[in-house]
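Everything on this sheet refers to the single structure shown next.
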Amino acid sequence: MSPAYDSREKYERWHIRTCARCGRRAAKSANWSDGPICRTCYERAMRDRGRCPGCGTERLLPGRDAAGTAICRDCAGISRDFFCDRCGFEGLLLGGRLCERCTLSDQLTTLLDDGTGRIHPQLIPLHRLLVSLDRPKSRLIWLRNPQVLALLRDLATGTVPLTHDAIQALPNWRTAAYLRDLLMDSEVLPHLDRRLLLFERWLAQRIATTADPEHARLLQHFATWHQLRKHRVKAAKSPLGTSTTQESRQQITQAGAFLVWLAARHVTLDACTQTDLDAWHAEKYATRRPAQAFLRWCMETRRLPRLTIPNRPTTNPHPMDQHQRITALQRVLADDSTLPRVRLAACLVLLFAQPVSRIVRMVTDDVVHDGQHVALRLGDPPTPVPEPVAALLLDYLQALPANTPAINQNSPWLFPGRRPSQPMNPGTLRDALRKLGVPVEKGRTSAIRQLVLQAPAPVIAQALGYHDKSTTRIATEAGAPWKNYAPGDHTR
């Protein structure tokens with residue numbers, strides 16, 4: 001028998017046990033009154049807090065009584081205590097008998113040292129924010145990333161200046177973008193629109209990789225004077241949505257493709273003819289349509305002759321019929337196995353015709369509850385929410401703090417994301433709705449068409465946050481009898 005096999009056998013004989021709580025064979029982490037405990041069950045017990053049914057005190061409940069109910073260590077007869085030697089918090093202890101929060105504080109203090117033995121003065125708010133948030137374990141895991149460690153050290157020592165421009169230029173952009181969100185959230189850096197910053201970074205890389213210098217110059221001018229100017233004005237009023245910057249990326253990409261396509265035909269931009277423009281659109285109209293913004297800008301700035309841009313009419317997707325929509329809504333409300341946020345989002349699509357991009361930007365203050373009735377502030381005035389959707393909404397709102405990522409605990413979002421101060425990504429929610437079997441576009445189209453058949457289009461527009469011209473057009477297409485209803489205040 002080899003020595004390695006012998007030592008493994010001895011280890012399994014002394015350390016591998018059947019866990020008294022989960023029943024699997026694993027390395028023993030503790031041996032309490034109810035038997036040996038594996039590491040997984042040990043860590044789970046270290047996060048179980050509440051009122052002990054034995055002594056009635058609010059504290060950690062690591063033990064179990066004969067019925068399997070969680071009780072405190074004193075009632076369970078556990079001799080080991082779990083109080084942090086520094087702050088006295090009762091919970092999971094790490095090295096040096098320190099709790100996770102104190103361990104996190106020590107690690108951050110070391111990383112943010114500016115070389116004088118203390119935290120860089122400008123980074124003290126960041127340290128305070130990271131330590132104060134719930135669930136410190138998630139930050140301890142985050143600090144295992146070598147890129148995070150290197151970036152924090154560089155910021156503390158001044159290798160990377162504490163400016164947006166310096167962080168924007170870093171190569172590991174995902175890590176840098178997440179840390180920049182934290183720096184803005186802790187007010188170390190001034191608040192700027194996150195999506196605008198990411199678009200500017202993408203644009204710089206896109207221009208830098210453009211082979212033809214003349215093409216790069218044209219794309220830079222188009223982005224600066226047409227796209228960025230509008231985005232900055234819009235971002236000053238409200239945060240940019242995903243679709244806004246995504247559309248701009250498509251416009252830049254297709255504009256570059258058009259310039260390359262022209263060059264392959266040995267045609268310069270100022271010599272482009274109607275035949276060239278028609279040929280460009282004829283090949284792949286849907287894919288190349290985003291280039292039309294660039295073409296119009298070129299015509300307005302006299303870089304391109306005045307030509308007619310081909311237009312192929314598009315129609316909205318065929319909506320669900322009323323029976324399908326109601327059936328889908330009933331199925332969503334009865335599906336307890338799906339996450340409440342996905343079910344709630346499905347109800348907002350199928351009942352109130354809300355787009356996903358608008359749903360993720362709703363805040364908790366948009367829910368109006370006076371004790372008897374529930375309403376949503378989608379427009380003005382707030383829209384009443386019928387049962388059982390109202391019950392689902394209130395239950396979701398009550399459970400929201402516990403289900404919100406610790407890094408986003410202080411955010412106002414009804415659908416919080418995993419980044420500081422950011423809502424849920426609309427693409428993630430759209431994928432979840434598709435997995436649930438809710439066709440977002442068809443469901444929303446069906447809902448708005450049914451609503452404009454039941455009430456005047458301007459009234460529906462005001463209640464749901466739509467433009468009255470959009471609802472009037474939909475009402476005309478649906479054959480609504482309210483098409484001649486005058487908008488405005490009818491009480492005067």
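Going through the structure tokens in order, the chains are called A, B, and so on, while each chain numbers its residues from 1 and the ligands are numbered from 1 in the order shown.
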
Quick one: residues within 8 Å of range 202-216 of chain A, only C-alpha atoms, excluding same-chain residues fewer than 2 positions away - as a short mmCIF file (atom, residue, chain, number, x, y, z; two decimals) with C-alpha atoms, in the first residue's frame?
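The resulting file, part18.cif, is reproduced below:
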data_model
loop_
_atom_site.label_atom_id
_atom_site.label_comp_id
_atom_site.auth_asym_id
_atom_site.auth_seq_id
_atom_site.Cartn_x
_atom_site.Cartn_y
_atom_site.Cartn_z
CA LEU A 198 -19.20 52.98 -21.96
CA PHE A 199 -20.29 54.25 -25.36
CA GLU A 200 -17.43 56.77 -25.45
CA LEU A 218 -15.62 60.95 -40.91
CA LEU A 219 -16.88 58.53 -38.25
CA GLN A 220 -15.32 60.65 -35.49
CA ARG A 249 -23.27 51.59 -32.03
CA GLY A 256 -18.16 52.26 -41.42
CA LEU A 259 -17.68 53.60 -46.43
#

Within 12 Å of range 157-168 of chain A, which residues of range 51-123 of chain A come that close, and what is the closest atom pair and distance in Å for each? Count only C-alpha atoms and give it as CSV.
residue,atom,partner,partner_atom,distance
A:Thr110,CA,A:Thr157,CA,11.6
A:Leu111,CA,A:Thr157,CA,9.6
A:Leu112,CA,A:Thr157,CA,7.9
A:Asp113,CA,A:Thr157,CA,7.3
A:Asp114,CA,A:Thr157,CA,4.7
A:Gly115,CA,A:Thr157,CA,6.6
A:Thr116,CA,A:Thr157,CA,9.7
A:Gly117,CA,A:Thr157,CA,11.3
A:Arg118,CA,A:Thr157,CA,11.1
A:Ile119,CA,A:Thr157,CA,9.8
A:His120,CA,A:Thr157,CA,7.8
A:Pro121,CA,A:Thr157,CA,11.1
A:Gln122,CA,A:Leu162,CA,8.5
A:Leu123,CA,A:Leu162,CA,9.2

Please identify all polymer residues within 7 Å of Ile78 in chain A, counting only C-alpha atoms, omitting same-chain residues fewer than 5 positions from it, and present them as an MDAnalysis selection string. chainID A and resid 32:33 73

Counting only C-alpha atoms, closest pick from A:His127, A:Arg153, A:Arg217, A:Arg44 relative to Ser186 in chain A is A:His127

Going by DSSP on the backbone, which residues of range 115-352 of chain A come out as helix (DSSP H, G or I)? List them as a ChimeraX atom specification. /A:121-132,136-142,146-157,164-168,173-185,194-208,213-237,242-264,269-271,274-283,285-300,322-334,340-352

Residue neighbourhood Pro355 in chain A, 8 Å, only C-alpha atoms, exclusion window fewer than 2 positions, as a list in words: Val349, Ala353, Ser357, Arg358, Ile359, Val440, Glu441 and Arg444 of chain A

Counting only C-alpha atoms, what is within 10 Å of Leu130 in chain A, bar same-chain residues fewer than 4 positions away, as a PyMOL selection string? chain A and resi 101+104-105+108+125-126+134+136+139+182+186+406-407

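Minimum atom-to-atom distances from A:Leu339, A:Ala156, A:Leu143, A:Ala271 to Asn403 in chain A were compared using only C-alpha atoms, and the lowest value belongs to A:Leu339.
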
Per residue of range 414-451 of chain A within 12 Å of range 458-463 of chain A, which atom pair is closest and at what distance in Å (one decimal), using only C-alpha atoms, listed by chain and increasing number, as a tab-separated table?
residue	atom	partner	partner_atom	distance
A:Ala447	CA	A:Ile460	CA	11.2
A:Ile448	CA	A:Ile460	CA	8.4
A:Arg449	CA	A:Ile460	CA	10.4
A:Gln450	CA	A:Ile460	CA	10.6
A:Leu451	CA	A:Ile460	CA	7.0

Output file for the residues above (N, CA, C and O atoms, as a PDB file, in the first residue's frame):
ATOM      1  N   ALA A 447     -51.888  44.350 -25.808  1.00  0.00           N
ATOM      2  CA  ALA A 447     -52.438  45.082 -24.660  1.00  0.00           C
ATOM      3  C   ALA A 447     -52.824  46.513 -25.038  1.00  0.00           C
ATOM      4  O   ALA A 447     -53.911  46.989 -24.702  1.00  0.00           O
ATOM      5  N   ILE A 448     -51.948  47.218 -25.757  1.00  0.00           N
ATOM      6  CA  ILE A 448     -52.234  48.612 -26.082  1.00  0.00           C
ATOM      7  C   ILE A 448     -53.393  48.715 -27.083  1.00  0.00           C
ATOM      8  O   ILE A 448     -54.230  49.627 -27.011  1.00  0.00           O
ATOM      9  N   ARG A 449     -53.492  47.748 -28.010  1.00  0.00           N
ATOM     10  CA  ARG A 449     -54.602  47.763 -28.966  1.00  0.00           C
ATOM     11  C   ARG A 449     -55.940  47.541 -28.240  1.00  0.00           C
ATOM     12  O   ARG A 449     -56.938  48.190 -28.576  1.00  0.00           O
ATOM     13  N   GLN A 450     -55.948  46.646 -27.262  1.00  0.00           N
ATOM     14  CA  GLN A 450     -57.183  46.399 -26.528  1.00  0.00           C
ATOM     15  C   GLN A 450     -57.569  47.602 -25.671  1.00  0.00           C
ATOM     16  O   GLN A 450     -58.745  47.952 -25.555  1.00  0.00           O
ATOM     17  N   LEU A 451     -56.566  48.272 -25.105  1.00  0.00           N
ATOM     18  CA  LEU A 451     -56.848  49.425 -24.237  1.00  0.00           C
ATOM     19  C   LEU A 451     -57.426  50.596 -25.028  1.00  0.00           C
ATOM     20  O   LEU A 451     -58.346  51.279 -24.556  1.00  0.00           O
TER      21      LEU A 451
END

Excluding range 361-378 of chain A and its own-chain neighbours fewer than 4 positions away, which residues fall within 8 Å of it when counting only C-alpha atoms? Please give them as an mmCIF file with C-alpha atoms, in the first residue's frame.
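Resulting contents of out.cif:
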data_model
loop_
_atom_site.group_PDB
_atom_site.id
_atom_site.type_symbol
_atom_site.label_atom_id
_atom_site.label_comp_id
_atom_site.auth_asym_id
_atom_site.auth_seq_id
_atom_site.Cartn_x
_atom_site.Cartn_y
_atom_site.Cartn_z
ATOM 1 C CA SER A 357 -36.715 49.317 -21.239
ATOM 2 C CA PRO A 382 -51.395 56.921 -11.419
ATOM 3 C CA THR A 383 -53.004 53.839 -12.963
ATOM 4 C CA PRO A 384 -55.032 51.532 -10.642
ATOM 5 C CA VAL A 385 -53.674 47.988 -10.329
ATOM 6 C CA PRO A 386 -56.332 45.256 -10.185
ATOM 7 C CA ALA A 390 -51.859 44.223 -6.796
ATOM 8 C CA LEU A 397 -42.162 45.148 -2.774
ATOM 9 C CA PRO A 412 -34.463 53.332 -5.611
ATOM 10 C CA TRP A 413 -35.045 50.841 -8.456
ATOM 11 C CA LEU A 414 -38.049 48.536 -8.467
ATOM 12 C CA PHE A 415 -35.915 46.091 -10.474
ATOM 13 C CA PRO A 423 -31.260 48.945 -12.579
ATOM 14 C CA ALA A 463 -52.302 57.037 -18.049
ATOM 15 C CA LEU A 464 -49.570 54.731 -19.378
ATOM 16 C CA GLY A 465 -46.869 57.244 -20.295
#

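Closest approach to Gly379 in chain A among A:Phe294, A:Tyr466, A:Trp261, A:Tyr42: A:Tyr466, based on only C-alpha atoms.
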
Excluding Gln246 in chain A and its own-chain neighbours fewer than 5 positions away, which residues fall within 10 Å of it when counting only C-alpha atoms? Please give them as a list in words. Arg195, Phe199, Gly241 and Gln251 of chain A
